[in-house]
>>> print(open('input30.csv').read())   # CSV, C-alpha atoms
chain,number,residue,atom,x,y,z
A,934,MET,CA,93.0,-5.3,-17.6
A,935,GLY,CA,92.4,-1.6,-18.2
A,936,PHE,CA,95.8,-0.5,-17.1
A,937,PHE,CA,97.2,2.9,-18.2
A,938,HIS,CA,100.9,3.4,-19.0
A,939,ARG,CA,102.2,5.2,-16.0
A,940,SER,CA,105.9,5.3,-15.1
A,941,GLN,CA,105.0,6.5,-11.6
A,942,TYR,CA,104.2,2.9,-10.7
A,943,ILE,CA,107.9,2.7,-10.1
A,944,SER,CA,108.7,3.7,-6.6
A,945,LYS,CA,111.7,6.0,-5.9
A,946,GLU,CA,113.1,3.8,-3.2
A,947,GLY,CA,116.1,1.6,-3.7
A,948,ASN,CA,117.9,0.5,-6.8
A,949,VAL,CA,117.1,-1.8,-9.8
A,950,LEU,CA,118.2,-5.4,-10.3
A,951,VAL,CA,117.5,-6.8,-13.8
A,952,PHE,CA,117.5,-10.6,-14.0
A,953,CYS,CA,117.5,-11.6,-17.6
A,954,GLY,CA,116.8,-15.2,-18.2
A,955,SER,CA,115.8,-14.7,-21.9
A,956,VAL,CA,117.9,-15.8,-24.8
A,957,ASN,CA,116.1,-13.5,-27.2
A,958,SER,CA,118.3,-11.2,-29.2
A,959,VAL,CA,116.4,-8.1,-28.0
A,960,SER,CA,117.2,-9.0,-24.5
A,961,PHE,CA,120.9,-9.6,-25.5
A,962,ASP,CA,121.0,-6.0,-26.9
A,963,GLN,CA,119.4,-4.6,-23.7
A,964,VAL,CA,122.0,-6.3,-21.6
A,965,GLN,CA,124.8,-5.0,-23.8
A,966,CYS,CA,123.3,-1.4,-23.7
A,967,ALA,CA,123.4,-1.5,-19.9
A,968,LYS,CA,126.9,-2.8,-19.8
A,969,ARG,CA,128.1,-0.1,-22.2
A,970,ALA,CA,126.5,2.5,-19.9
A,971,GLY,CA,128.6,1.2,-17.0
A,972,ALA,CA,126.1,-0.9,-15.1
A,973,PRO,CA,127.6,-3.9,-13.3
A,974,VAL,CA,126.7,-7.0,-15.2
A,975,PHE,CA,127.0,-10.5,-13.7
A,976,PHE,CA,127.0,-13.4,-16.2
A,977,LEU,CA,125.8,-16.8,-15.1
A,978,SER,CA,127.9,-19.8,-16.1
A,979,SER,CA,126.5,-22.9,-17.8
A,980,GLU,CA,126.8,-24.7,-14.5
A,981,ALA,CA,124.7,-22.1,-12.7
A,982,CYS,CA,122.0,-22.5,-15.3
A,983,ASN,CA,122.0,-26.3,-15.6
A,984,ILE,CA,123.0,-27.7,-12.2
A,985,SER,CA,120.4,-28.1,-9.5
A,986,ASP,CA,121.4,-26.6,-6.1
A,987,TRP,CA,124.3,-24.7,-7.7
A,988,VAL,CA,123.1,-21.6,-5.8
A,989,GLU,CA,124.0,-23.5,-2.6
A,990,SER,CA,127.6,-24.1,-3.7
A,991,THR,CA,130.4,-21.8,-2.5
A,992,GLU,CA,130.5,-20.2,-6.0
A,993,GLY,CA,126.8,-19.7,-5.9
A,994,LYS,CA,126.8,-18.1,-2.4
A,995,GLU,CA,129.6,-15.8,-3.4
A,996,LEU,CA,127.7,-14.7,-6.5
A,997,VAL,CA,124.5,-14.0,-4.5
A,998,SER,CA,126.5,-11.9,-2.0
A,999,SER,CA,128.2,-10.0,-4.8
A,1000,VAL,CA,125.0,-9.2,-6.6
A,1001,CYS,CA,123.3,-8.1,-3.4
A,1002,LYS,CA,126.2,-5.7,-2.7
A,1003,SER,CA,126.0,-4.3,-6.2
A,1004,TRP,CA,122.2,-3.9,-6.0
A,1005,ALA,CA,122.6,-2.0,-2.8
A,1006,THR,CA,125.2,0.4,-4.2
A,1007,HIS,CA,124.4,0.9,-7.9
A,1008,ALA,CA,121.3,2.4,-9.5
A,1009,LEU,CA,121.3,-0.5,-12.0
A,1010,THR,CA,122.7,-4.0,-11.7
A,1011,VAL,CA,122.1,-6.7,-14.3
A,1012,MET,CA,122.3,-10.5,-14.2
A,1013,SER,CA,122.2,-12.4,-17.5
A,1014,SER,CA,122.0,-16.1,-18.3
A,1015,VAL,CA,123.6,-15.3,-21.7
A,1016,ASP,CA,127.2,-14.1,-21.7
A,1017,THR,CA,127.3,-11.0,-23.9
A,1018,ARG,CA,131.1,-11.1,-23.8
A,1019,ASP,CA,131.0,-14.1,-26.2
A,1020,ALA,CA,130.8,-12.6,-29.6
A,1021,ASN,CA,130.4,-16.1,-31.1
A,1022,ARG,CA,127.5,-16.9,-28.7
A,1023,ASP,CA,124.9,-19.6,-29.7
A,1024,ILE,CA,121.6,-18.4,-28.3
A,1025,ASP,CA,119.7,-21.3,-29.8
A,1026,SER,CA,118.1,-23.0,-26.8
A,1027,SER,CA,116.8,-26.0,-28.7
A,1028,SER,CA,119.2,-28.4,-27.0
A,1029,VAL,CA,118.6,-26.9,-23.5
A,1030,ASP,CA,116.1,-28.3,-21.0
A,1031,ARG,CA,114.3,-25.0,-20.4
A,1032,ALA,CA,112.3,-26.3,-17.4
A,1033,ILE,CA,115.5,-27.2,-15.6
A,1034,VAL,CA,117.2,-23.9,-16.5
A,1035,ALA,CA,114.1,-21.9,-15.4
A,1036,LYS,CA,114.0,-23.7,-12.1
A,1037,ASN,CA,117.6,-23.1,-11.4
A,1038,LEU,CA,117.5,-19.4,-12.4
A,1039,GLY,CA,114.4,-19.0,-10.2
A,1040,ALA,CA,116.3,-20.4,-7.3
A,1041,ILE,CA,119.2,-18.0,-7.8
A,1042,LEU,CA,116.9,-15.0,-8.0
A,1043,GLY,CA,115.0,-16.3,-5.0
A,1044,ALA,CA,118.2,-16.5,-3.0
A,1045,ILE,CA,119.1,-13.0,-3.9
A,1046,ALA,CA,115.7,-11.6,-3.0
A,1047,ARG,CA,115.7,-13.4,0.4
A,1048,GLN,CA,119.2,-12.1,1.3
A,1049,TYR,CA,118.7,-8.5,0.1
A,1050,SER,CA,117.5,-6.4,3.0
A,1051,ALA,CA,117.1,-2.9,1.4
A,1052,LYS,CA,114.2,-1.7,-0.7
A,1053,GLY,CA,114.5,-2.1,-4.4
A,1054,THR,CA,113.0,-3.3,-7.7
A,1055,VAL,CA,113.5,-6.6,-9.5
A,1056,VAL,CA,113.0,-6.7,-13.2
A,1057,ALA,CA,112.4,-10.3,-14.2
A,1058,MET,CA,112.6,-11.0,-17.9
A,1059,GLY,CA,111.1,-14.2,-19.2
A,1060,GLY,CA,107.8,-15.8,-18.1
A,1061,ASP,CA,109.4,-19.1,-17.1
A,1062,ILE,CA,111.8,-17.3,-14.9
A,1063,LEU,CA,109.1,-15.2,-13.3
A,1064,LEU,CA,107.0,-18.3,-12.5
A,1065,SER,CA,110.0,-20.2,-11.1
A,1066,PHE,CA,111.1,-17.2,-9.0
A,1067,LEU,CA,107.6,-16.9,-7.4
A,1068,THR,CA,107.4,-20.6,-6.9
A,1069,ASN,CA,110.8,-20.7,-5.2
A,1070,LEU,CA,109.7,-17.9,-2.8
A,1071,GLY,CA,106.4,-19.8,-2.1
A,1072,THR,CA,104.5,-16.7,-3.4
A,1073,ARG,CA,101.0,-17.6,-4.3
A,1074,SER,CA,99.9,-14.1,-5.5
A,1075,LEU,CA,101.2,-10.9,-6.8
A,1076,PHE,CA,99.6,-7.5,-6.8
A,1077,PRO,CA,99.6,-5.8,-10.3
A,1078,LEU,CA,99.9,-2.0,-10.2
A,1079,GLY,CA,100.0,-1.2,-13.9
A,1080,GLU,CA,102.0,-1.0,-17.1
A,1081,ILE,CA,105.1,1.3,-17.1
A,1082,ALA,CA,105.4,0.7,-20.8
A,1083,PRO,CA,103.4,-1.6,-23.2
A,1084,GLY,CA,103.9,-5.1,-22.0
A,1085,VAL,CA,106.1,-4.1,-19.0
A,1086,VAL,CA,104.1,-4.6,-15.8
A,1087,ALA,CA,104.8,-3.3,-12.3
A,1088,SER,CA,103.6,-5.4,-9.4
A,1089,HIS,CA,104.6,-6.1,-5.8
A,1090,ILE,CA,104.9,-9.3,-3.9
A,1091,LYS,CA,105.4,-10.2,-0.3
A,1092,ILE,CA,108.4,-12.0,1.0
A,1093,GLY,CA,107.6,-12.8,4.6
A,1094,ASP,CA,106.8,-9.4,6.2
A,1095,SER,CA,108.6,-7.5,3.5
A,1096,ARG,CA,107.4,-6.1,0.2
A,1097,LEU,CA,109.3,-6.3,-3.1
A,1098,GLU,CA,108.6,-4.3,-6.2
A,1099,LEU,CA,108.6,-6.5,-9.3
A,1100,VAL,CA,108.6,-5.5,-12.9
A,1101,SER,CA,108.0,-8.3,-15.5
A,1102,LYS,CA,108.3,-8.5,-19.2
A,1103,SER,CA,109.0,-11.1,-21.9
A,1104,GLY,CA,112.3,-11.0,-23.7
A,1105,GLY,CA,111.2,-10.2,-27.2
A,1106,PHE,CA,110.6,-6.5,-27.1
A,1107,GLY,CA,111.4,-3.1,-25.6
A,1108,GLU,CA,113.8,-0.3,-26.3
A,1109,LYS,CA,117.5,-1.2,-26.1
A,1110,ASN,CA,117.9,1.3,-23.2
A,1111,LEU,CA,114.9,0.0,-21.3
A,1112,PHE,CA,116.9,-1.0,-18.2
A,1113,LEU,CA,118.5,2.4,-18.1
A,1114,GLN,CA,115.2,4.1,-18.5
A,1115,ILE,CA,113.7,2.2,-15.5
A,1116,ALA,CA,116.7,3.0,-13.3
A,1117,LYS,CA,116.6,6.7,-14.3
A,1118,GLU,CA,112.8,6.8,-13.7
A,1119,LYS,CA,113.4,5.4,-10.2
A,1120,GLU,CA,116.0,8.1,-9.5
A,1121,GLY,CA,113.5,10.7,-10.8
A,1122,LYS,CA,115.8,11.6,-13.7
A,1123,GLY,CA,113.9,10.2,-16.6
A,1124,HIS,CA,110.8,8.9,-18.2
A,1125,ILE,CA,110.1,5.4,-19.6
A,1126,SER,CA,109.4,5.5,-23.3
A,1127,ALA,CA,106.4,3.7,-24.6
A,1128,GLY,CA,108.1,2.9,-27.9
A,1129,SER,CA,109.5,-0.4,-29.0
A,1130,SER,CA,112.8,-1.4,-30.5
>>> encode(input="input30.csv", output="structure tokens")
Amino acid sequence: MGFFHRSQYISKEGNVLVFCGSVNSVSFDQVQCAKRAGAPVFFLSSEACNISDWVESTEGKELVSSVCKSWATHALTVMSSVDTRDANRDIDSSSVDRAIVAKNLGAILGAIARQYSAKGTVVAMGGDILLSFLTNLGTRSLFPLGEIAPGVVASHIKIGDSRLELVSKSGGFGEKNLFLQIAKEKEGKGHISAGSS
């Protein structure tokens, strides 16, 4: 599309929420890197990923509230559909209905985006999750701004009368510290590398 790689597509307003719906090992390493750096990481349970309307449950509403509070107060907050605390994890998704999981994760991220009132950036990892999120919001269009790194695209969308900054990428590439780089760039303290892991 003729985009240039420009980290300044990231605004300086608000904080960063990464929503990682990818089971790729690269994504797993990026979540772990953020966790080791001290970023709050929220792990979604199997029920959250596989049960429709889980986000409307008491547990779901409590998680949405906690994530919104963290997003408002921390430069970087991460949500992951794979629990990196499980050293014996099985990230083989062959037995999982990916369409159901994507729909449910999109609903969770949609609930968070609707409840969050401050300015900020959502980093959505995984094309299925991104599409589900936009569908859940009833968003029919997004406005691409440009690449902040190869394959990492900054856009904005409208939620009612509000505007949300959105960064999207697939799960299979990027520096291990990509989440940290985005948060530091947003704070004006760093620059997003164009390299790959």
>>> closest_residue(input="input30.csv", among="A:Ser1103, A:Gln965, A:Asn983, A:Ser960", to="A:Gly1084", atoms="all atoms listed in the file")
A:Ser1103
>>> closest_residue(input="input30.csv", among="A:Arg1047, A:Ser1014, A:Ile1033, A:Gly954", to="A:Ser998", atoms="all atoms listed in the file")
A:Arg1047
>>> atom_distance(input="input30.csv", atom1="atom CA of A:Gly1104", atom2="atom CA of A:Val959")
6.6 Å
>>> closest_residue(input="input30.csv", among="A:Val1086, A:Leu977, A:Ala1051, A:Ala1008", to="A:Leu996", atoms="all atoms listed in the file")
A:Leu977
>>> residues_around(input="input30.csv", residues="stretch 969-973 of chain A", least_positions_apart="2", cutoff="7 Å", atoms="all atoms listed in the file", output="list of chain:residue names")
A:Gln965, A:Cys966, A:Ala967, A:Phe975, A:Leu1009, A:Thr1010, A:Val1011
>>> write_last_selection(input="input30.csv", atoms="C-alpha atoms", output="CSV table (one decimal), in the coordinates of the input")
chain,number,residue,atom,x,y,z
A,965,GLN,CA,124.8,-5.0,-23.8
A,966,CYS,CA,123.3,-1.4,-23.7
A,967,ALA,CA,123.4,-1.5,-19.9
A,975,PHE,CA,127.0,-10.5,-13.7
A,1009,LEU,CA,121.3,-0.5,-12.0
A,1010,THR,CA,122.7,-4.0,-11.7
A,1011,VAL,CA,122.1,-6.7,-14.3
>>> closest_residue(input="input30.csv", among="A:Ala1040, A:Asp1030, A:Thr991, A:Ser955", to="A:Lys1102", atoms="all atoms listed in the file")
A:Ser955
>>> closest_residue(input="input30.csv", among="A:Val1085, A:Val1056, A:Ala1044, A:Ala1116", to="A:Lys945", atoms="all atoms listed in the file")
A:Ala1116
>>> closest_atom_pairs(input="input30.csv", of="stretch 935-1052 of chain A", to="stretch 1068-1072 of chain A", cutoff="10 Å", atoms="all atoms listed in the file", output="tab-separated table")
residue	atom	partner	partner_atom	distance
A:Lys1036	CA	A:Asn1069	CA	8.2
A:Asn1037	CA	A:Asn1069	CA	9.5
A:Leu1038	CA	A:Asn1069	CA	9.9
A:Gly1039	CA	A:Asn1069	CA	6.4
A:Ala1040	CA	A:Asn1069	CA	5.9
A:Ile1041	CA	A:Asn1069	CA	9.2
A:Leu1042	CA	A:Asn1069	CA	8.8
A:Gly1043	CA	A:Leu1070	CA	6.0
A:Ala1044	CA	A:Leu1070	CA	8.6
A:Ala1046	CA	A:Leu1070	CA	8.7
A:Arg1047	CA	A:Leu1070	CA	8.2
>>> atom_distance(input="input30.csv", atom1="atom CA of A:Gln1048", atom2="atom CA of A:Leu1063")
18.0 Å
>>> closest_residue(input="input30.csv", among="A:Ile1045, A:Ala1032, A:Met1012, A:Ile1081", to="A:Tyr942", atoms="all atoms listed in the file")
A:Ile1081
>>> residues_near_point(input="input30.csv", point="(118.9, -8.2, -26.0)", cutoff="12 Å", atoms="all atoms listed in the file", output="PyMOL selection string")
chain A and resi 953-968+1013-1017+1024+1058-1059+1103-1112+1130
>>> atom_distance(input="input30.csv", atom1="atom CA of A:Gly1060", atom2="atom CA of A:Gly947")
24.1 Å
>>> axis_aligned_box(input="input30.csv", around="stretch 988-1002 of chain A", padding_each_side="5 Å", output="lines of an AutoDock Vina configuration file")
center_x = 126.8
center_y = -14.9
center_z = -4.3
size_x = 17.4
size_y = 28.4
size_z = 14.6
